[in-house]
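Chemist: Take a look at query_27.txt, compact mmCIF, C-alpha atoms:
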```
# COMPACT_ATOMS: atom_id res chain seq x y z
CA MET D 1 44.05 -0.36 17.76
CA ASP D 2 41.17 -1.96 19.67
CA GLN D 3 38.48 -4.05 18.04
CA LYS D 4 35.83 -1.31 18.10
CA LYS D 5 38.02 1.06 16.10
CA GLN D 6 38.92 -1.71 13.68
CA THR D 7 35.28 -2.59 13.06
CA ARG D 8 33.95 0.98 12.99
CA PRO D 9 33.88 1.16 9.16
CA PHE D 10 31.88 -2.09 9.06
CA PHE D 11 29.55 -0.74 11.77
CA ILE D 12 28.86 2.50 9.89
CA THR D 13 28.52 0.81 6.50
CA GLY D 14 26.19 -1.83 7.93
CA PHE D 15 23.78 0.68 9.44
CA VAL D 16 23.82 2.84 6.31
CA LEU D 17 22.88 -0.21 4.24
CA LEU D 18 20.09 -1.13 6.68
CA ALA D 19 18.74 2.42 6.46
CA LEU D 20 18.78 2.22 2.66
CA ALA D 21 17.08 -1.19 2.79
CA PHE D 22 14.27 0.32 4.83
CA LEU D 23 13.96 3.34 2.52
CA PHE D 24 13.46 1.01 -0.44
CA LYS D 25 10.38 -0.49 1.23
CA TRP D 26 9.10 2.61 3.07
CA GLU D 27 5.55 3.46 1.96
CA PHE D 28 4.86 6.44 4.24
CA ILE D 29 1.27 7.59 3.43
CA TYR D 30 1.10 5.83 0.06
CA SER D 31 0.03 2.35 -1.04
CA GLU D 32 3.46 1.61 -2.50
CA PRO D 33 7.08 2.31 -1.59
CA VAL D 34 8.18 5.91 -1.99
CA VAL D 35 11.03 4.74 -4.24
CA ASP D 36 8.47 3.15 -6.60
CA ARG D 37 6.72 6.51 -6.94
CA LEU D 38 10.04 8.25 -7.53
CA LEU D 39 10.99 5.77 -10.26
CA ARG D 40 7.60 6.19 -11.95
CA PHE D 41 8.12 9.96 -11.91
CA PHE D 42 11.22 9.38 -14.05
CA GLY D 43 9.37 6.94 -16.30
CA VAL D 44 10.90 3.77 -14.83
CA THR D 45 8.76 0.89 -13.60
CA ALA D 46 9.56 -0.88 -10.33
CA TRP D 47 8.05 -4.16 -11.56
CA SER D 48 9.17 -6.57 -14.26
CA ASN D 49 5.68 -6.83 -15.78
CA GLY D 50 3.70 -3.65 -15.33
CA ASN D 51 2.34 -3.89 -11.77
CA SER D 52 3.24 -7.54 -11.25
CA GLY D 53 6.14 -9.94 -11.59
CA PHE D 54 9.48 -9.26 -9.94
CA HIS D 55 9.47 -6.21 -7.67
CA PHE D 56 12.87 -4.66 -8.30
CA THR D 57 12.85 -2.27 -5.34
CA GLY D 58 11.84 -5.13 -3.04
CA ILE D 59 14.70 -7.26 -4.34
CA ILE D 60 17.16 -4.39 -3.89
CA SER D 61 15.88 -3.83 -0.35
CA LEU D 62 16.47 -7.50 0.49
CA ILE D 63 19.98 -7.44 -0.99
CA LEU D 64 20.87 -4.30 0.96
CA LEU D 65 19.53 -5.90 4.14
CA ILE D 66 21.65 -9.04 3.69
CA ILE D 67 24.82 -7.08 2.90
CA GLY D 68 24.18 -4.72 5.81
CA LEU D 69 23.79 -7.62 8.24
CA PHE D 70 26.99 -9.14 6.85
CA PHE D 71 28.92 -5.96 7.66
CA LEU D 72 27.37 -5.72 11.14
CA ALA D 73 28.37 -9.34 11.79
CA LYS D 74 31.97 -8.12 11.81
CA ARG D 75 31.21 -6.36 15.08
CA TYR D 76 28.17 -8.02 16.64
CA SER D 77 27.32 -11.57 17.65
CA GLY D 78 24.77 -13.79 15.97
CA LYS D 79 22.08 -12.89 18.51
CA MET D 80 22.44 -9.18 17.81
CA ILE D 81 22.33 -9.81 14.07
CA PHE D 82 19.05 -11.65 14.57
CA VAL D 83 17.72 -8.69 16.58
CA PHE D 84 18.66 -6.30 13.75
CA PHE D 85 16.99 -8.59 11.22
CA LEU D 86 13.84 -8.87 13.34
CA ALA D 87 13.71 -5.09 13.80
CA MET D 88 13.92 -4.54 10.04
CA ILE D 89 11.07 -6.99 9.49
CA LEU D 90 8.83 -5.56 12.22
CA ILE D 91 9.30 -1.83 11.57
CA PRO D 92 6.08 -0.78 9.82
CA THR D 93 6.43 0.40 6.24
CA ASN D 94 4.18 3.36 7.03
CA LEU D 95 6.52 4.61 9.77
CA PHE D 96 5.81 8.25 10.74
CA ALA D 97 2.73 8.31 8.49
CA ASN D 98 0.18 8.58 11.30
CA VAL D 99 2.11 11.36 13.02
CA TYR D 100 2.36 13.24 9.74
CA GLN D 101 -1.31 12.75 8.88
CA SER D 102 -2.48 13.73 12.36
CA ASN D 103 -0.49 16.94 12.60
CA PHE D 104 0.59 18.30 9.24
CA VAL D 105 -2.04 17.54 6.58
CA ASN D 106 -5.80 17.60 6.14
CA GLY D 107 -8.41 16.61 3.59
CA ILE D 108 -7.89 13.36 1.70
CA TYR D 109 -4.18 13.35 2.61
CA ALA D 110 -5.16 12.58 6.21
CA LEU D 111 -7.03 9.42 5.18
CA GLU D 112 -5.69 5.89 5.58
CA PHE D 113 -7.18 2.89 3.76
CA GLN D 114 -7.52 -0.21 5.95
CA ARG D 115 -7.14 -3.18 3.61
CA ASP D 116 -7.68 -5.77 6.33
CA GLY D 117 -11.21 -4.51 6.92
CA SER D 118 -12.14 -4.14 3.25
CA SER D 119 -13.57 -6.55 0.69
CA CYS D 120 -15.96 -6.78 -2.27
CA GLU D 121 -18.40 -9.56 -3.16
CA TYR D 122 -20.44 -9.83 -6.35
CA ASP D 123 -22.71 -12.29 -8.13
CA THR D 124 -25.04 -12.43 -11.14
CA ASN D 125 -28.78 -12.71 -10.57
CA ASP D 126 -31.30 -14.51 -12.81
CA SER D 127 -31.81 -11.36 -14.89
CA GLY D 128 -28.13 -11.10 -15.81
CA ILE D 129 -27.52 -8.18 -13.46
CA VAL D 130 -24.36 -8.20 -11.40
CA GLU D 131 -25.15 -7.26 -7.82
CA GLY D 132 -22.56 -6.79 -5.15
CA ASN D 133 -21.37 -5.12 -2.02
CA CYS D 134 -18.09 -3.47 -1.08
CA LYS D 135 -16.97 -2.88 2.48
CA ILE D 136 -14.29 -0.19 2.51
CA SER D 137 -12.62 0.75 5.79
CA ILE D 138 -10.98 4.18 6.06
CA VAL D 139 -9.49 6.18 8.94
CA ASN D 140 -9.43 9.97 9.14
CA HIS D 141 -6.33 10.94 11.13
CA SER D 142 -7.09 14.65 11.14
CA SER D 143 -9.41 16.47 13.53
CA ASP D 144 -11.42 17.96 10.66
CA PRO D 145 -14.22 16.24 8.71
CA VAL D 146 -13.35 15.04 5.21
CA THR D 147 -15.74 14.60 2.27
CA PHE D 148 -14.46 12.53 -0.64
CA ARG D 149 -15.31 10.11 -3.45
CA VAL D 150 -13.96 6.58 -3.71
CA SER D 151 -13.41 4.14 -6.56
CA ILE D 152 -11.58 0.85 -6.90
CA ASP D 153 -8.35 0.81 -8.89
CA GLN D 154 -7.38 -2.77 -9.54
CA LYS D 155 -7.35 -4.96 -12.60
CA TYR D 156 -8.76 -8.37 -11.77
CA VAL D 157 -9.48 -10.50 -14.82
CA HIS D 158 -12.03 -13.31 -14.69
CA ASN D 159 -12.03 -15.30 -17.94
CA ARG D 160 -10.71 -12.23 -19.81
CA PHE D 161 -13.36 -10.03 -18.21
CA ASN D 162 -12.22 -7.08 -16.14
CA VAL D 163 -14.34 -7.41 -13.02
CA MET D 164 -13.50 -3.88 -11.96
CA ASP D 165 -15.58 -2.53 -14.83
CA ILE D 166 -18.70 -3.45 -12.84
CA PHE D 167 -17.64 -1.67 -9.65
CA ASN D 168 -19.12 1.74 -10.31
CA LEU D 169 -18.34 3.42 -7.00
CA LYS D 170 -17.31 6.83 -8.29
CA ASP D 171 -20.73 8.35 -7.70
CA HIS D 172 -20.60 7.58 -4.00
CA GLN D 173 -19.65 10.62 -1.96
CA LEU D 174 -18.48 9.67 1.51
CA LYS D 175 -17.73 11.62 4.65
CA LEU D 176 -15.66 10.99 7.76
CA ASP D 177 -15.74 13.14 10.86
CA GLY D 178 -12.55 14.14 12.61
CA ASN D 179 -10.51 11.16 13.90
CA GLU D 180 -13.23 8.77 12.76
CA TYR D 181 -12.77 5.18 11.63
CA ARG D 182 -15.59 3.72 9.57
CA THR D 183 -16.32 0.78 7.31
CA PHE D 184 -18.50 2.02 4.47
CA ASP D 185 -21.05 -0.48 3.18
CA ILE D 186 -21.62 0.20 -0.53
CA ASN D 187 -24.01 -1.76 -2.76
CA PHE D 188 -23.84 -1.73 -6.55
CA ARG D 189 -25.68 -3.13 -9.59
CA HIS D 190 -24.34 -3.46 -13.11
CA SER D 191 -25.88 -4.81 -16.31
CA LEU D 192 -23.52 -6.99 -18.33
CA GLN D 193 -23.31 -6.14 -22.01
CA SER D 194 -22.39 -9.64 -23.14
CA SER D 195 -24.19 -12.88 -22.34
CA ARG D 196 -20.76 -14.52 -22.28
CA TYR D 197 -20.23 -13.28 -18.73
CA GLN D 198 -23.62 -14.09 -17.24
CA SER D 199 -22.04 -16.28 -14.55
CA VAL D 200 -19.65 -13.67 -13.16
CA GLY D 201 -19.26 -13.85 -9.40
CA GLY D 202 -16.64 -13.87 -6.70
CA LYS D 203 -14.93 -11.98 -3.91
CA LEU D 204 -11.99 -9.60 -3.70
CA ASP D 205 -10.03 -9.19 -0.48
CA ILE D 206 -7.02 -7.31 -1.83
CA PHE D 207 -7.42 -4.22 -3.97
CA THR D 208 -6.37 -0.60 -4.27
CA ILE D 209 -8.69 2.39 -4.05
CA ILE D 210 -8.61 5.90 -5.43
CA ILE D 211 -9.97 8.68 -3.25
CA ALA D 212 -10.62 12.14 -4.60
CA ASP D 213 -12.10 15.49 -3.72
CA ASP D 214 -12.66 18.51 -5.94
CA ASP D 215 -8.95 19.34 -6.09
CA ASN D 216 -6.85 16.25 -5.36
CA THR D 217 -6.64 12.52 -6.04
CA ARG D 218 -4.81 9.81 -4.12
CA ARG D 219 -4.18 6.13 -4.84
CA LEU D 220 -4.17 4.01 -1.67
```
Produce structure tokens that represent the structure in this file.
Modeler:
Amino acid sequence: MDQKKQTRPFFITGFVLLALAFLFKWEFIYSEPVVDRLLRFFGVTAWSNGNSGFHFTGIISLILLIIGLFFLAKRYSGKMIFVFFLAMILIPTNLFANVYQSNFVNGIYALEFQRDGSSCEYDTNDSGIVEGNCKISIVNHSSDPVTFRVSIDQKYVHNRFNVMDIFNLKDHQLKLDGNEYRTFDINFRHSLQSSRYQSVGGKLDIFTIIIADDDNTRRL
């Protein structure tokens, strides 16, 4: 029996494990892995502490990747193993999402939130009013215009004060034309109820948004 036949079980097992490792981190059109959403559907959290701490699906994905590479090492050289590892790292977690959004869906399901081009800044003026600005970048992958509402869905605590309570963006109705990319510039003002937080200020570069229309809601 030649070496290829002897190592075929390792070859098949290795690639199956790599495929599973990718599935555990695959986000598709969502802001989190598909497996996380599936677990939440069954009432199981993917994190050790709510939405933070140890990410169980991420840990499982890493373990599957290591074991898969170990099996493939029975057949391939070290250079090829490095290529497989690099491919797993570089394959985007939203693989196939753009094709799906461009051809098979419309409305808010065709929208993609660009975190790299989004941020929020806020500060308190002399009258105790929090003033700020959010730049939110979104792409419409469909050829049809989309009208939607946006709000920020992230708990960021500053001295036991939930900063997100001041980001009242739900009243802002936005619109993107077909295949349009735009960074929306949204200003807001909020009066603080307690004098304890009169010095609130800062900047957020990483957050999650909720987009909605009259019928559907998505968390991105």
Chemist: Between atom CA of D:Gln101 and atom CA of D:Ile209, what distance in Å does the model show, to one decimal?
Modeler: 18.1 Å
Chemist: How many Å lie between atom CA of D:Asn179 and atom CA of D:Asp205, rounded to one decimal?
Modeler: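 Taking atom CA of D:Asn179 and atom CA of D:Asp205, their separation equals 24.9 Å.
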Chemist: Would you pick out the contacts of D:Pro145 at 9 Å or less, using all atoms listed in the file, so that residues sharing its chain but fewer than 4 positions from it are not included, and give the list as an MDAnalysis selection string?
Modeler: chainID D and resid 106:107 140 175:180
Chemist: Have a look at D:Gly43, D:Gly68, D:Gly132, D:Gly202 and name the one nearest to D:Phe84; count only C-alpha atoms.
Modeler: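 With only C-alpha atoms as the atom set, the closest residue is D:Gly68.
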Chemist: In terms of the shortest atom-to-atom distance over all atoms listed in the file, which of D:Lys5, D:Arg189, D:Trp26, D:Leu220 is closest to D:Phe96?
Modeler: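 Going through D:Lys5, D:Arg189, D:Trp26, D:Leu220 one by one, the smallest distance to D:Phe96 is for D:Trp26.
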Chemist: With only C-alpha atoms as the counted atoms, please give the residues lying no more than 10 Å from D:Glu112, apart from itself and same-chain residues fewer than 3 positions off, as a list in words.
Modeler: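 Everything that qualifies: Ile29, Tyr30, Ser31, Ala97, Asn98, Gln101, Ile108, Tyr109, Arg115, Ser137, Ile138, Val139, Asn140, His141, Tyr181 and Leu220 of chain D.
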Chemist: Using C-alpha atoms, can you export the residues from the last selection as a PDB file, in the frame of the given file?
Modeler:
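For reference, result_2.pdb as written:
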```pdb
ATOM      1  CA  ILE D  29       1.270   7.590   3.430  1.00  0.00           C
ATOM      2  CA  TYR D  30       1.100   5.830   0.060  1.00  0.00           C
ATOM      3  CA  SER D  31       0.030   2.350  -1.040  1.00  0.00           C
ATOM      4  CA  ALA D  97       2.730   8.310   8.490  1.00  0.00           C
ATOM      5  CA  ASN D  98       0.180   8.580  11.300  1.00  0.00           C
ATOM      6  CA  GLN D 101      -1.310  12.750   8.880  1.00  0.00           C
ATOM      7  CA  ILE D 108      -7.890  13.360   1.700  1.00  0.00           C
ATOM      8  CA  TYR D 109      -4.180  13.350   2.610  1.00  0.00           C
ATOM      9  CA  ARG D 115      -7.140  -3.180   3.610  1.00  0.00           C
ATOM     10  CA  SER D 137     -12.620   0.750   5.790  1.00  0.00           C
ATOM     11  CA  ILE D 138     -10.980   4.180   6.060  1.00  0.00           C
ATOM     12  CA  VAL D 139      -9.490   6.180   8.940  1.00  0.00           C
ATOM     13  CA  ASN D 140      -9.430   9.970   9.140  1.00  0.00           C
ATOM     14  CA  HIS D 141      -6.330  10.940  11.130  1.00  0.00           C
ATOM     15  CA  TYR D 181     -12.770   5.180  11.630  1.00  0.00           C
ATOM     16  CA  LEU D 220      -4.170   4.010  -1.670  1.00  0.00           C
TER      17      LEU D 220
END
```
Chemist: With distances taken over all atoms listed in the file, which residue among D:Val83, D:Ser143, D:Asn125, D:Asn133 lies nearest D:Ser102?
Modeler: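 That would be D:Ser143, the residue with the smallest distance to D:Ser102.
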Chemist: Take atom CA of D:Val16 and atom CA of D:Pro33 and report the distance between them in Å, one decimal.
Modeler: 18.5 Å
Chemist: Tell me which of D:Phe10, D:Phe24, D:Phe85, D:Phe113 sits closest to D:Arg218, counting all atoms listed in the file.
Modeler: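 With all atoms listed in the file as the atom set, the closest residue is D:Phe113.
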Chemist: Go through D:Leu111, D:Ile129, D:Met80, D:Cys120 one by one, measure the shortest atom-to-atom distance of each to D:Ile211 using all atoms listed in the file, and give the residue with the smallest value.
Modeler: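 Closest to D:Ile211 of all the choices is D:Leu111.
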Chemist: What's around D:Trp47 at 12 Å? Count only C-alpha atoms, leave out sequence neighbours fewer than 3 positions away in its own chain, and write the answer as a list in words.
Modeler: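 Those residues are Glu32, Pro33, Val35, Asp36, Arg37, Leu39, Arg40, Val44, Gly50, Asn51, Ser52, Gly53, Phe54, His55, Phe56, Thr57, Gly58, Ile59 and Ile60 of chain D.
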Chemist: Could you check the closest approach to D:Val105 for each of D:Val146, D:Ile186, D:Ala19, D:Val34 and tell me which residue wins, using all atoms listed in the file?
Modeler: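 Nearest to D:Val105: D:Val146.
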